[in-house]
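Step one of this worksheet: look at the structure below.
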Amino acid sequence: MTNSELIKQKLLGFEYPAFSFKPINDKVIQSIEEVTDKIKIKLKFGFPLGSYQAQFEQDLLVWLNSELADQSCVLEISHKITAHSHPAKVKAMPQVKNIIAVASGKGGVGKSTTSVNLALALQSLGAKVGVLDADIYGPSMPIMLGAEDKHPESSDKKSIFPVTAHGIQSMSIGYLVKPEQAMVWRGPMASGALQQLINDTQWDDLDYLIIDLPPGTGDIQLTMAQKIPVTAALVVTTPQDIALADARKAVTMFNKVSVPVLGVVENMAMHTCSSCGHEEHIFGAGGGEKLAEEIGVELLGSLPLMLSIREDVDSGKPSLVNDSESKISSKYKRIALKLAAKLSLQEEEFRADFPTITIENS
Ligand SMILES: Nc1ncnc2c1ncn2[C@@H]1O[C@H](COP(=O)(O)OP(=O)(O)OP(=O)(O)O)[C@@H](O)[C@H]1O
Ligand SMILES: [Mg+2]
């Protein structure tokens with residue numbers, strides 16, 4: 001085995017506590033070169049590491065030094081977010097690389113709050129992110145993004161541009177009609193409206209589009225999972241038994257349509273006191289872990305029930321905007337990092353750039 005092969009084997013075995021899997025695979029390793037007295041290692045990840053990169057580099061170097069006793073290494077780390085394949089029998093959305101559907105079996109578990117904070121967390125890592133509020137009857141994104149007075153613009157009266165707030169591109173029926181109006185729509189009208197939001201929004205070059213699905217696991221959600229080129233899903237749940245049973249249904253629904261579930265996020269898992277910071281497991285600890293184990297889906301993280309999370313979204317400044325360095329923001333960022341990292345391991349989509357062939361008569 002040559003020295004670079006040996007180093008490659010070492011790199012492939014590197015375990016990192018921030019991930020539940022080995023972060024370096026064959027695709028990540030770009031080159032291993034021996035340059036004079038140093039080994040130059042180039043790594044390219046399929047997701048942005050953001051502010052975690054410096055620590056990651058440092059930890060990897062320390063580990064390499066201990067593994068390769070007398071050789072010193074230099075690292076060059078970059079990333080490129082690619083489009084991943086989706087099982088739906090529809091065309092990929094042109095300006096969107098990856099669509100992540102966020103679902104919950106039960107309403108009110110904090111799906112929209114989690115969606116918007118994770119979108120902002122992904123952005124803070126260095127990705128271009130959009131949010132589609134697919135809840136036609138109860139849109140929440142305009143308020144949560146502090147953009148309820150904004151309206152999408154259109155250049156041709158056929159398509160609309162998303163509303164940008166806090167750097168996130170967003171689309172919601174709430175930007176187009178008054179809440180009372182959407183509330184009385186019958187099924188077909190609502191699904192027609194949603195279809196239009198999906199087809200007619202001109203997203204601007206997104207790495208990730210987060211879709212905040214309406215609560216439940218009925219026909220609407222199932223149809224959406226088939227009509228939208230969803231790359232992967234995330235399930236939000238609370239620790240009560242009933243919510244866990246519903247989350248299980250959501251996972252089963254995605255399994256039916258072959259959309260991979262990247263993981264479960266347990267929301268309101270424990271209560272964090274806003275005066276003293278004390279944490280209490282009101283509904284019992286470990287529910288999310290149990291669920292994750294039972295259905296073979298990873299628990300990406302647990303978020304506390306915390307007054308500031310509600311106050312922040314209600315005021316249009318989600319926790320990530322209000323204070324991106326707070327303890328709660330770093331919890332969202334860690335979940336976002338895991339989510340993006342897991343997604344990068346999915347099968348990549350084949351989007352061939354065919355050459356333009358011109359035939360000229362001479
Ligand atoms: N971790 C949390 N701590 C405190 N409050 C929270 C937390 N998560 C969500 N909330 C609050 O709980 C309420 C419901 O949250 P949210 O609207 O995000 O839930 P949802 O699952 O999207 O609901 P729906 O089923 O109506 O779409 C909101 O008032 C929100 O501010
Ligand atoms: Mg919601």
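Labels for the structure tokens follow display order: chains A, B, ..., residues from 1 in each chain, ligands from 1.
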
(request) Write as a VMD selection string the residues around ligand 1, taking 8 Å as the cut-off and counting only C-alpha atoms and all ligand atoms. (result) chain A and resid 104 106 to 115 135 138 to 140 212 to 215 236 267 to 269 303 to 314

(message) Could you pull out the strand (DSSP E) residues of region 35-224 of chain A, going by DSSP on the backbone, and write them as a ChimeraX atom specification?
(response) /A:35,38-45,72-79,96-103,129-133,163-165,168-172,206-212

Picked from region 288-349 of chain A by DSSP as helix (DSSP H, G or I), as an mmCIF file with C-alpha atoms, in the first residue's frame:
data_model
loop_
_atom_site.group_PDB
_atom_site.id
_atom_site.type_symbol
_atom_site.label_atom_id
_atom_site.label_comp_id
_atom_site.auth_asym_id
_atom_site.auth_seq_id
_atom_site.Cartn_x
_atom_site.Cartn_y
_atom_site.Cartn_z
ATOM 1 C CA GLY A 288 -37.466 10.896 20.525
ATOM 2 C CA GLU A 289 -34.635 8.425 20.881
ATOM 3 C CA LYS A 290 -37.092 5.597 21.416
ATOM 4 C CA LEU A 291 -39.053 6.551 18.334
ATOM 5 C CA ALA A 292 -35.934 6.952 16.263
ATOM 6 C CA GLU A 293 -34.750 3.510 17.307
ATOM 7 C CA GLU A 294 -38.111 1.859 16.704
ATOM 8 C CA ILE A 295 -38.556 3.148 13.204
ATOM 9 C CA LEU A 307 -40.510 31.088 25.891
ATOM 10 C CA SER A 308 -37.981 32.936 23.739
ATOM 11 C CA ILE A 309 -38.497 30.553 20.802
ATOM 12 C CA ARG A 310 -42.182 31.507 20.707
ATOM 13 C CA GLU A 311 -41.585 35.200 21.321
ATOM 14 C CA ASP A 312 -38.977 35.323 18.584
ATOM 15 C CA VAL A 313 -41.114 33.751 15.836
ATOM 16 C CA ASP A 314 -44.186 35.716 16.913
ATOM 17 C CA SER A 319 -34.271 32.830 17.237
ATOM 18 C CA LEU A 320 -31.553 32.540 14.567
ATOM 19 C CA VAL A 321 -32.177 36.158 13.556
ATOM 20 C CA ASN A 322 -32.646 37.522 17.049
ATOM 21 C CA LYS A 327 -27.500 28.461 22.935
ATOM 22 C CA ILE A 328 -30.783 27.734 21.203
ATOM 23 C CA SER A 329 -29.473 28.981 17.831
ATOM 24 C CA SER A 330 -26.514 26.670 18.111
ATOM 25 C CA LYS A 331 -28.911 23.760 18.719
ATOM 26 C CA TYR A 332 -30.710 24.621 15.464
ATOM 27 C CA LYS A 333 -27.367 24.981 13.662
ATOM 28 C CA ARG A 334 -26.205 21.561 14.795
ATOM 29 C CA ILE A 335 -29.420 19.974 13.534
ATOM 30 C CA ALA A 336 -29.078 21.860 10.230
ATOM 31 C CA LEU A 337 -25.496 20.670 9.855
ATOM 32 C CA LYS A 338 -26.485 17.040 10.413
ATOM 33 C CA LEU A 339 -29.424 17.423 8.048
ATOM 34 C CA ALA A 340 -27.301 18.862 5.241
ATOM 35 C CA ALA A 341 -24.557 16.324 5.839
ATOM 36 C CA LYS A 342 -26.974 13.395 5.705
ATOM 37 C CA LEU A 343 -28.593 14.764 2.583
ATOM 38 C CA SER A 344 -25.205 15.014 0.902
#

(message) Excluding Val264 (chain A) and its own-chain neighbours fewer than 4 positions away, which residues fall within 6 Å of it when counting only C-alpha atoms? Please give them as number ranges by chain.
(response) A: 234-236, 299-300

Take the residues that were just selected and, keeping C-alpha atoms, output them as a tab-separated table (two decimals), in the first residue's frame.
chain	number	residue	atom	x	y	z
A	234	LEU	CA	-37.76	15.58	8.11
A	235	VAL	CA	-40.32	14.70	10.77
A	236	VAL	CA	-41.03	16.97	13.72
A	299	LEU	CA	-32.92	11.59	16.02
A	300	LEU	CA	-31.21	14.69	14.66

(message) I'd like to know which of A:Leu145, A:Val62, A:Met224, A:Ala250 is closest to Leu75 (chain A), using only C-alpha atoms.
(response)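 Of A:Leu145, A:Val62, A:Met224, A:Ala250, the one nearest Leu75 (chain A), counting only C-alpha atoms, is A:Val62.
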